[in-house]
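A.B. asks: work-v8.txt is the file, holding compact mmCIF, C-alpha atoms:
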```txt
# COMPACT_ATOMS: atom_id res chain seq x y z
CA MET A 1 8.62 21.80 2.62
CA TYR A 2 7.71 19.66 -0.39
CA ILE A 3 10.94 20.72 -2.10
CA LEU A 4 12.97 19.84 0.99
CA MET A 5 11.39 16.37 1.24
CA ILE A 6 11.89 15.74 -2.48
CA VAL A 7 15.57 16.64 -2.06
CA LEU A 8 15.74 14.24 0.90
CA LEU A 9 14.15 11.48 -1.21
CA LEU A 10 16.57 12.11 -4.09
CA ALA A 11 19.49 12.01 -1.64
CA SER A 12 18.28 8.67 -0.25
CA ILE A 13 17.89 7.30 -3.80
CA ILE A 14 21.42 8.39 -4.75
CA ALA A 15 22.75 6.82 -1.53
CA GLY A 16 20.81 3.63 -2.24
CA ILE A 17 22.26 3.40 -5.75
CA SER A 18 25.84 4.23 -4.82
CA LEU A 19 26.34 2.53 -1.44
CA GLY A 20 26.60 -1.15 -0.60
CA PRO A 21 29.09 -4.03 -0.36
CA SER A 22 30.34 -3.06 -3.84
CA ALA A 23 30.24 0.71 -3.93
CA VAL A 24 29.60 2.66 -7.12
CA GLY A 25 30.91 6.17 -6.44
CA ILE A 26 28.63 9.14 -7.03
CA LYS A 27 31.06 10.37 -9.70
CA GLN A 28 30.62 7.09 -11.60
CA ILE A 29 26.79 7.09 -11.58
CA ILE A 30 26.18 9.59 -14.39
CA PRO A 31 28.86 8.22 -16.76
CA THR A 32 27.55 4.69 -16.13
CA LEU A 33 23.98 5.77 -16.88
CA PHE A 34 25.18 6.95 -20.29
CA GLY A 35 27.09 3.75 -21.01
CA ASN A 36 30.56 4.93 -20.07
CA GLY A 37 31.05 2.78 -16.97
CA SER A 38 32.83 -0.54 -16.54
CA PHE A 39 30.98 -3.83 -16.97
CA LYS A 40 30.93 -4.28 -13.19
CA GLU A 41 29.53 -0.78 -12.60
CA GLU A 42 26.83 -1.22 -15.27
CA PHE A 43 25.83 -4.61 -13.87
CA ILE A 44 25.60 -3.31 -10.28
CA LEU A 45 23.71 -0.19 -11.34
CA PHE A 46 21.23 -1.55 -13.90
CA SER A 47 20.70 -5.11 -12.69
CA ILE A 48 20.87 -4.73 -8.90
CA ARG A 49 20.74 -1.24 -7.42
CA MET A 50 18.39 0.77 -9.66
CA PRO A 51 15.50 -1.72 -9.81
CA ARG A 52 15.79 -2.32 -6.06
CA VAL A 53 15.73 1.38 -5.20
CA PHE A 54 12.84 2.12 -7.58
CA VAL A 55 10.81 -0.78 -6.15
CA LEU A 56 11.47 0.53 -2.64
CA THR A 57 10.46 4.05 -3.68
CA LEU A 58 7.12 2.89 -5.09
CA ALA A 59 6.45 0.54 -2.16
CA GLY A 60 7.24 3.26 0.39
CA MET A 61 4.85 5.62 -1.39
CA ALA A 62 2.11 2.99 -1.48
CA LEU A 63 2.45 2.07 2.21
CA ALA A 64 2.48 5.72 3.29
CA LEU A 65 -0.64 6.55 1.28
CA SER A 66 -2.37 3.45 2.62
CA GLY A 67 -1.59 4.49 6.18
CA ALA A 68 -2.82 8.04 5.59
CA ILE A 69 -6.11 6.74 4.19
CA LEU A 70 -6.63 4.28 7.05
CA GLN A 71 -5.96 6.96 9.66
CA THR A 72 -8.64 9.08 8.03
CA LEU A 73 -11.19 6.27 7.73
CA THR A 74 -10.73 5.11 11.31
CA LYS A 75 -10.17 8.57 12.83
CA ASN A 76 -7.30 6.84 14.56
CA ASP A 77 -3.69 8.05 14.45
CA LEU A 78 -2.49 4.51 15.28
CA ALA A 79 -3.90 2.96 12.11
CA ASP A 80 -1.37 1.36 9.77
CA PRO A 81 -1.80 -1.50 7.27
CA GLY A 82 0.72 -3.58 9.20
CA ILE A 83 -0.61 -2.87 12.66
CA ILE A 84 -4.28 -3.53 11.85
CA GLY A 85 -3.64 -6.83 10.06
CA ILE A 86 -3.89 -5.97 6.36
CA ASN A 87 -0.28 -6.95 5.71
CA ALA A 88 -0.85 -10.31 7.39
CA GLY A 89 -3.90 -10.96 5.21
CA ALA A 90 -1.84 -10.26 2.12
CA GLY A 91 0.90 -12.48 3.54
CA VAL A 92 -1.34 -15.51 3.92
CA ALA A 93 -2.58 -15.18 0.34
CA ILE A 94 0.99 -14.75 -0.95
CA THR A 95 2.19 -17.73 1.10
CA VAL A 96 -0.49 -19.97 -0.41
CA PHE A 97 0.31 -18.64 -3.88
CA TYR A 98 4.05 -19.10 -3.44
CA LEU A 99 3.72 -22.66 -2.14
CA PHE A 100 1.35 -23.89 -4.85
CA VAL A 101 2.07 -21.80 -7.97
CA ASP A 102 5.13 -22.11 -10.18
CA ALA A 103 7.38 -19.08 -9.59
CA GLY A 104 8.82 -19.53 -13.07
CA SER A 105 5.73 -18.12 -14.76
CA LYS A 106 6.50 -14.98 -16.77
CA TYR A 107 3.41 -13.33 -15.26
CA TYR A 108 4.46 -14.12 -11.67
CA ALA A 109 5.56 -10.56 -10.85
CA TYR A 110 2.21 -9.18 -12.03
CA GLN A 111 0.10 -11.87 -10.34
CA LEU A 112 1.59 -11.32 -6.88
CA PRO A 113 0.12 -7.81 -6.28
CA LEU A 114 -3.32 -9.11 -7.29
CA VAL A 115 -2.99 -12.03 -4.88
CA GLY A 116 -1.80 -9.69 -2.12
CA PHE A 117 -4.76 -7.39 -2.79
CA LEU A 118 -7.22 -10.29 -2.59
CA GLY A 119 -5.87 -11.48 0.77
CA ALA A 120 -5.71 -7.94 2.14
CA ILE A 121 -9.25 -6.97 1.09
CA ILE A 122 -10.76 -10.08 2.68
CA THR A 123 -8.91 -9.38 5.93
CA ALA A 124 -9.78 -5.67 5.92
CA GLY A 125 -13.43 -6.50 5.26
CA LEU A 126 -13.57 -8.84 8.26
CA ILE A 127 -11.84 -6.34 10.53
CA PHE A 128 -14.18 -3.51 9.56
CA ILE A 129 -17.28 -5.72 9.93
CA PHE A 130 -16.28 -6.79 13.45
CA THR A 131 -15.30 -3.27 14.59
CA THR A 132 -18.13 -1.18 13.12
CA ASP A 133 -21.15 -0.32 15.23
CA LYS A 134 -24.40 0.56 13.45
CA GLN A 135 -25.00 3.53 15.72
CA ASN A 136 -21.48 4.81 16.35
CA GLY A 137 -19.67 3.72 13.18
CA ILE A 138 -16.08 2.49 13.29
CA GLN A 139 -14.69 1.95 16.79
CA PRO A 140 -11.01 3.01 16.57
CA VAL A 141 -9.73 1.20 19.69
CA LYS A 142 -11.58 -1.99 18.74
CA LEU A 143 -10.13 -1.76 15.24
CA VAL A 144 -6.54 -1.68 16.48
CA LEU A 145 -7.13 -4.51 18.96
CA MET A 146 -8.98 -6.62 16.38
CA GLY A 147 -6.30 -5.92 13.79
CA VAL A 148 -3.50 -6.97 16.14
CA GLY A 149 -5.41 -10.14 17.05
CA ILE A 150 -6.15 -11.10 13.46
CA ALA A 151 -2.57 -10.32 12.41
CA SER A 152 -1.28 -12.68 15.14
CA ALA A 153 -3.70 -15.41 14.10
CA LEU A 154 -2.77 -15.10 10.42
CA SER A 155 0.93 -15.12 11.26
CA GLY A 156 0.35 -18.37 13.15
CA LEU A 157 -1.50 -19.75 10.14
CA MET A 158 1.49 -18.92 7.92
CA VAL A 159 3.79 -20.79 10.32
CA ILE A 160 1.51 -23.83 10.16
CA MET A 161 1.45 -23.72 6.34
CA ILE A 162 5.22 -23.60 6.01
CA SER A 163 5.93 -26.18 8.72
CA GLY A 164 5.78 -28.98 6.16
CA ALA A 165 7.25 -27.02 3.26
CA LYS A 166 10.67 -27.37 1.66
CA ASN A 167 13.61 -25.58 3.28
CA GLU A 168 13.95 -23.00 0.49
CA ASP A 169 10.24 -22.17 0.75
CA VAL A 170 10.51 -21.77 4.52
CA GLN A 171 13.53 -19.49 4.13
CA PHE A 172 11.76 -17.32 1.56
CA ILE A 173 8.59 -16.86 3.63
CA THR A 174 10.58 -16.23 6.82
CA LYS A 175 12.55 -13.51 5.06
CA TRP A 176 9.33 -12.10 3.62
CA LEU A 177 7.84 -11.86 7.13
CA SER A 178 10.87 -9.88 8.31
CA GLY A 179 10.53 -7.35 5.48
CA ASN A 180 13.27 -8.67 3.23
CA ILE A 181 13.19 -6.97 -0.19
CA TRP A 182 12.92 -9.84 -2.65
CA GLY A 183 11.06 -8.37 -5.64
CA ALA A 184 14.00 -6.18 -6.66
CA ASP A 185 13.78 -6.50 -10.42
CA TRP A 186 12.39 -4.39 -13.26
CA PRO A 187 9.13 -6.36 -13.78
CA PHE A 188 8.11 -5.63 -10.18
CA ILE A 189 8.32 -1.91 -10.87
CA LEU A 190 5.78 -2.34 -13.66
CA ALA A 191 3.66 -4.45 -11.31
CA LEU A 192 3.55 -1.74 -8.62
CA LEU A 193 3.36 1.42 -10.71
CA PRO A 194 -0.23 1.01 -12.06
CA TRP A 195 -1.67 0.87 -8.52
CA LEU A 196 -0.17 4.27 -7.72
CA ILE A 197 -1.16 5.71 -11.10
CA ILE A 198 -4.79 4.74 -10.37
CA ALA A 199 -4.83 5.69 -6.68
CA ILE A 200 -3.15 9.10 -6.67
CA PRO A 201 -5.61 10.93 -9.00
CA ILE A 202 -8.56 9.51 -7.05
CA LEU A 203 -7.04 10.64 -3.76
CA LEU A 204 -6.39 14.12 -5.16
CA TRP A 205 -10.04 14.22 -6.21
CA LYS A 206 -11.22 13.07 -2.75
CA GLN A 207 -9.00 15.30 -0.58
CA LYS A 208 -11.80 17.63 0.49
CA SER A 209 -14.14 14.73 1.23
CA MET A 210 -11.42 13.12 3.36
CA ASN A 211 -11.23 16.31 5.44
CA LEU A 212 -14.92 15.90 6.20
CA LEU A 213 -14.71 12.18 6.96
CA VAL A 214 -12.70 12.88 10.12
CA LEU A 215 -15.61 14.97 11.45
CA ASP A 216 -18.71 13.67 13.18
CA GLU A 217 -20.79 11.55 10.78
CA THR A 218 -23.87 13.76 11.14
CA VAL A 219 -21.85 16.85 10.29
CA ALA A 220 -20.19 15.12 7.32
CA LYS A 221 -23.56 13.98 5.94
CA GLY A 222 -24.96 17.48 6.41
CA LEU A 223 -22.10 18.84 4.32
CA GLY A 224 -22.96 16.52 1.45
CA VAL A 225 -20.46 13.68 1.88
CA SER A 226 -21.60 10.22 0.76
CA ILE A 227 -19.96 8.57 3.75
CA ASN A 228 -20.51 4.90 2.95
CA ARG A 229 -19.58 5.23 -0.72
CA ASP A 230 -16.44 7.22 0.05
CA ARG A 231 -15.41 4.85 2.83
CA ILE A 232 -15.69 1.82 0.57
CA LEU A 233 -13.76 3.52 -2.25
CA LEU A 234 -10.99 4.71 0.08
CA LEU A 235 -10.78 1.37 1.87
CA VAL A 236 -10.33 -0.44 -1.44
CA LEU A 237 -7.57 2.00 -2.40
CA ALA A 238 -5.79 1.62 0.96
CA VAL A 239 -5.94 -2.16 0.78
CA ALA A 240 -4.83 -2.25 -2.87
CA LEU A 241 -1.83 -0.03 -2.15
CA ALA A 242 -0.75 -1.97 0.95
CA GLY A 243 -1.41 -5.41 -0.54
CA SER A 244 0.53 -4.70 -3.72
CA ALA A 245 3.46 -3.18 -1.82
CA VAL A 246 3.95 -5.95 0.74
CA SER A 247 3.63 -8.59 -1.97
CA VAL A 248 6.90 -7.29 -3.40
CA VAL A 249 8.88 -5.91 -0.44
CA GLY A 250 7.68 -8.19 2.34
CA SER A 251 5.75 -7.51 5.51
CA ILE A 252 6.88 -4.00 6.43
CA SER A 253 5.01 -2.19 9.17
CA PHE A 254 5.16 1.36 10.54
CA ILE A 255 5.80 3.18 7.21
CA GLY A 256 2.07 3.88 7.01
CA LEU A 257 2.13 5.07 10.61
CA ILE A 258 5.25 7.23 10.60
CA ALA A 259 5.09 8.98 7.21
CA PRO A 260 1.61 10.59 7.56
CA HIS A 261 2.46 11.74 11.09
CA ILE A 262 5.67 13.42 9.98
CA ALA A 263 3.82 15.04 7.08
CA LYS A 264 1.10 16.36 9.40
CA GLN A 265 3.70 17.77 11.78
CA LEU A 266 5.42 19.57 8.90
CA VAL A 267 2.48 21.02 6.95
CA GLY A 268 -0.68 20.55 9.02
CA SER A 269 -3.51 18.04 9.14
CA LYS A 270 -5.52 19.18 6.10
CA HIS A 271 -5.41 16.48 3.44
CA GLN A 272 -4.67 19.04 0.74
CA ASN A 273 -1.43 19.78 2.61
CA PHE A 274 -0.13 16.47 3.95
CA LEU A 275 -1.62 13.69 1.81
CA MET A 276 0.83 13.93 -1.11
CA LEU A 277 3.76 14.73 1.17
CA SER A 278 3.28 11.39 2.99
CA PRO A 279 4.38 9.16 0.06
CA ILE A 280 7.54 11.23 -0.47
CA ILE A 281 8.47 10.76 3.19
CA GLY A 282 7.49 7.07 3.16
CA ALA A 283 9.65 6.39 0.12
CA ALA A 284 12.64 8.20 1.66
CA ILE A 285 12.33 6.23 4.92
CA LEU A 286 12.13 2.85 3.19
CA VAL A 287 15.01 3.52 0.78
CA PHE A 288 17.12 4.85 3.65
CA ALA A 289 16.31 1.83 5.86
CA ASP A 290 17.27 -0.61 3.12
CA THR A 291 20.53 1.25 2.43
CA ILE A 292 21.44 1.18 6.13
CA GLY A 293 20.70 -2.56 6.25
CA ARG A 294 23.00 -3.20 3.30
CA ILE A 295 25.83 -1.08 4.69
CA ILE A 296 26.07 -2.29 8.28
CA TYR A 297 25.97 -6.04 7.60
CA THR A 298 27.26 -8.02 4.62
CA GLU A 299 24.26 -10.38 4.57
CA THR A 300 21.85 -7.39 4.51
CA ILE A 301 19.57 -6.70 7.46
CA PRO A 302 15.97 -6.71 6.15
CA ALA A 303 14.54 -3.22 5.69
CA GLY A 304 11.49 -4.26 7.71
CA ILE A 305 13.67 -4.76 10.80
CA ILE A 306 15.34 -1.35 10.40
CA VAL A 307 11.94 0.33 9.97
CA ALA A 308 10.60 -1.53 13.03
CA ILE A 309 13.53 -0.32 15.13
CA ILE A 310 12.56 3.23 14.18
CA GLY A 311 8.79 2.77 14.17
CA ALA A 312 8.10 0.67 17.28
CA PRO A 313 9.19 3.34 19.80
CA TYR A 314 7.19 5.94 17.88
CA PHE A 315 4.13 3.68 17.95
CA LEU A 316 4.48 3.19 21.72
CA TYR A 317 4.79 6.96 22.14
CA LEU A 318 1.59 7.54 20.17
CA LEU A 319 -0.19 4.73 22.04
CA ARG A 320 0.75 6.24 25.40
CA LYS A 321 -0.30 9.68 24.18
CA SER A 322 -3.73 8.43 23.05
CA ILE A 323 -4.58 6.58 26.28
```
Since I need it in another form, could you write the structure as structure tokens?
C.D. replies:
Amino acid sequence: MYILMIVLLLASIIAGISLGPSAVGIKQIIPTLFGNGSFKEEFILFSIRMPRVFVLTLAGMALALSGAILQTLTKNDLADPGIIGINAGAGVAITVFYLFVDAGSKYYAYQLPLVGFLGAIITAGLIFIFTTDKQNGIQPVKLVLMGVGIASALSGLMVIMISGAKNEDVQFITKWLSGNIWGADWPFILALLPWLIIAIPILLWKQKSMNLLVLDETVAKGLGVSINRDRILLLVLAVALAGSAVSVVGSISFIGLIAPHIAKQLVGSKHQNFLMLSPIIGAAILVFADTIGRIIYTETIPAGIIVAIIGAPYFLYLLRKSI
């Protein structure tokens, strides 16, 4: 199954590189990679398509892993960094940063993920404080409701902040909110990659502990799991992955919801089986959604809207199933 999903991801990457308003045929990709293409083909491939597709691949992986972690921590299949408000927290921090910091700084691409992480961790901390009971632990239904409420409030705050901003700033933030891919350049790949390089080995190390975290707390403690320590570590990883991803690709929801679910359906619910399959699926979905958005409309439909069209019905199905 892993091989099949990797093939699917590679196919979506090839489609993302070759398709668009100015197509670069599949036959031209390899010669162009080795410097035998036309100036136009090299410009499209190296300056536009490849960095965009690689950014989308990394962001899709990060969002999928974040969703998988949050579903484990909350014992709630509806958990997703967008749905429970983490994306909105990152968005407020990024909006403030964008409005008051010079975008011309050479470190801008590397500062944004840190800013997104800061906003996301503050929001996640508040949500978990308000939805955790000392006796019963995290309350899954409360978490979703609180997350939706805080996300709405933060979205309103963003609207207030941009109401007096310049037109170009308003346009940028509006596009960001709709999941428009704006950080499609090589420096943003280097800004995203370290977060995954740090997170993935830790998650591989914690797979068995994550299996126990979905059990009753008493049982998990009896089996030797340091629940509070592991929860804090995993929460920080989930927030870091989501905050860094949305800082570059905009506010995209449902990737963290859909990808882990598909992975669980394919290989089972043990973390050793599905956890590392989730990012492959998440990356394929996001790259595919962006490619579709570029093909069907010349102005490019934001990937976040395409993902929402797919993800919203699935979310409603899961919500109905859980009630």
A.B. asks: For each of A:Leu8, A:Ile127, A:Val239, A:Ile173, take the minimum atom-to-atom distance to Gly149 in chain A, counting all atoms listed in the file, then give the residue where this is smallest.
C.D. replies: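 Of the candidates, the smallest distance to Gly149 in chain A is held by A:Ile127.
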A.B. asks: Write out as JSON an axis-aligned box for range 309-313 of chain A: all of its atoms listed in the file, 4 Å added on each side, centre and edge lengths in Å with one decimal.
C.D. replies:
```
{"center_x": 10.8, "center_y": 1.5, "center_z": 17.0, "size_x": 13.4, "size_y": 11.7, "size_z": 13.6}
```
A.B. asks: Near Ala151 in chain A, counting only C-alpha atoms, which residues have an atom at most 10 Å away, once you skip same-chain residues fewer than 3 positions from it, shown as a ChimeraX atom specification?
C.D. replies: /A:82-89,91,123,145-148,154-157
A.B. asks: Write the residues you've just listed into a file as a PDB file, in the frame of the given file, and include C-alpha atoms for each of them.
C.D. replies:
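Result file is selection_6.pdb:
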```pdb
ATOM      1  CA  GLY A  82       0.720  -3.580   9.200  1.00  0.00           C
ATOM      2  CA  ILE A  83      -0.610  -2.870  12.660  1.00  0.00           C
ATOM      3  CA  ILE A  84      -4.280  -3.530  11.850  1.00  0.00           C
ATOM      4  CA  GLY A  85      -3.640  -6.830  10.060  1.00  0.00           C
ATOM      5  CA  ILE A  86      -3.890  -5.970   6.360  1.00  0.00           C
ATOM      6  CA  ASN A  87      -0.280  -6.950   5.710  1.00  0.00           C
ATOM      7  CA  ALA A  88      -0.850 -10.310   7.390  1.00  0.00           C
ATOM      8  CA  GLY A  89      -3.900 -10.960   5.210  1.00  0.00           C
ATOM      9  CA  GLY A  91       0.900 -12.480   3.540  1.00  0.00           C
ATOM     10  CA  THR A 123      -8.910  -9.380   5.930  1.00  0.00           C
ATOM     11  CA  LEU A 145      -7.130  -4.510  18.960  1.00  0.00           C
ATOM     12  CA  MET A 146      -8.980  -6.620  16.380  1.00  0.00           C
ATOM     13  CA  GLY A 147      -6.300  -5.920  13.790  1.00  0.00           C
ATOM     14  CA  VAL A 148      -3.500  -6.970  16.140  1.00  0.00           C
ATOM     15  CA  LEU A 154      -2.770 -15.100  10.420  1.00  0.00           C
ATOM     16  CA  SER A 155       0.930 -15.120  11.260  1.00  0.00           C
ATOM     17  CA  GLY A 156       0.350 -18.370  13.150  1.00  0.00           C
ATOM     18  CA  LEU A 157      -1.500 -19.750  10.140  1.00  0.00           C
TER      19      LEU A 157
END
```
A.B. asks: May I have a table of the residues of range 228-273 of chain A lying at most 10 Å from range 209-213 of chain A, giving each one's closest pair of atoms and their distance in Å to one decimal, counting all atoms listed in the file, ordered by chain and ascending residue number, as JSON lines?
C.D. replies:
```
{"residue": "A:Asp230", "atom": "CA", "partner": "A:Ser209", "partner_atom": "CA", "distance": 7.9}
{"residue": "A:Arg231", "atom": "CA", "partner": "A:Leu213", "partner_atom": "CA", "distance": 8.4}
{"residue": "A:Leu234", "atom": "CA", "partner": "A:Met210", "partner_atom": "CA", "distance": 9.0}
{"residue": "A:Ser269", "atom": "CA", "partner": "A:Asn211", "partner_atom": "CA", "distance": 8.7}
{"residue": "A:Lys270", "atom": "CA", "partner": "A:Asn211", "partner_atom": "CA", "distance": 6.4}
{"residue": "A:His271", "atom": "CA", "partner": "A:Asn211", "partner_atom": "CA", "distance": 6.2}
{"residue": "A:Gln272", "atom": "CA", "partner": "A:Asn211", "partner_atom": "CA", "distance": 8.5}
```
A.B. asks: At what distance in Å, to one decimal, does CA of Asp290 in chain A lie from CA of Ala303 in chain A?
C.D. replies: 4.6 Å
A.B. asks: Per residue of range 189-242 of chain A within 6 Å of range 52-70 of chain A, record the nearest atom pair and its distance in Å to one decimal, counting all atoms listed in the file, with rows in chain order and ascending residue number, as a tab-separated table.
C.D. replies:
```
residue	atom	partner	partner_atom	distance
A:Ile189	CA	A:Val55	CA	5.5
A:Ala238	CA	A:Ser66	CA	4.2
A:Leu241	CA	A:Ala62	CA	5.0
A:Ala242	CA	A:Leu63	CA	5.3
```
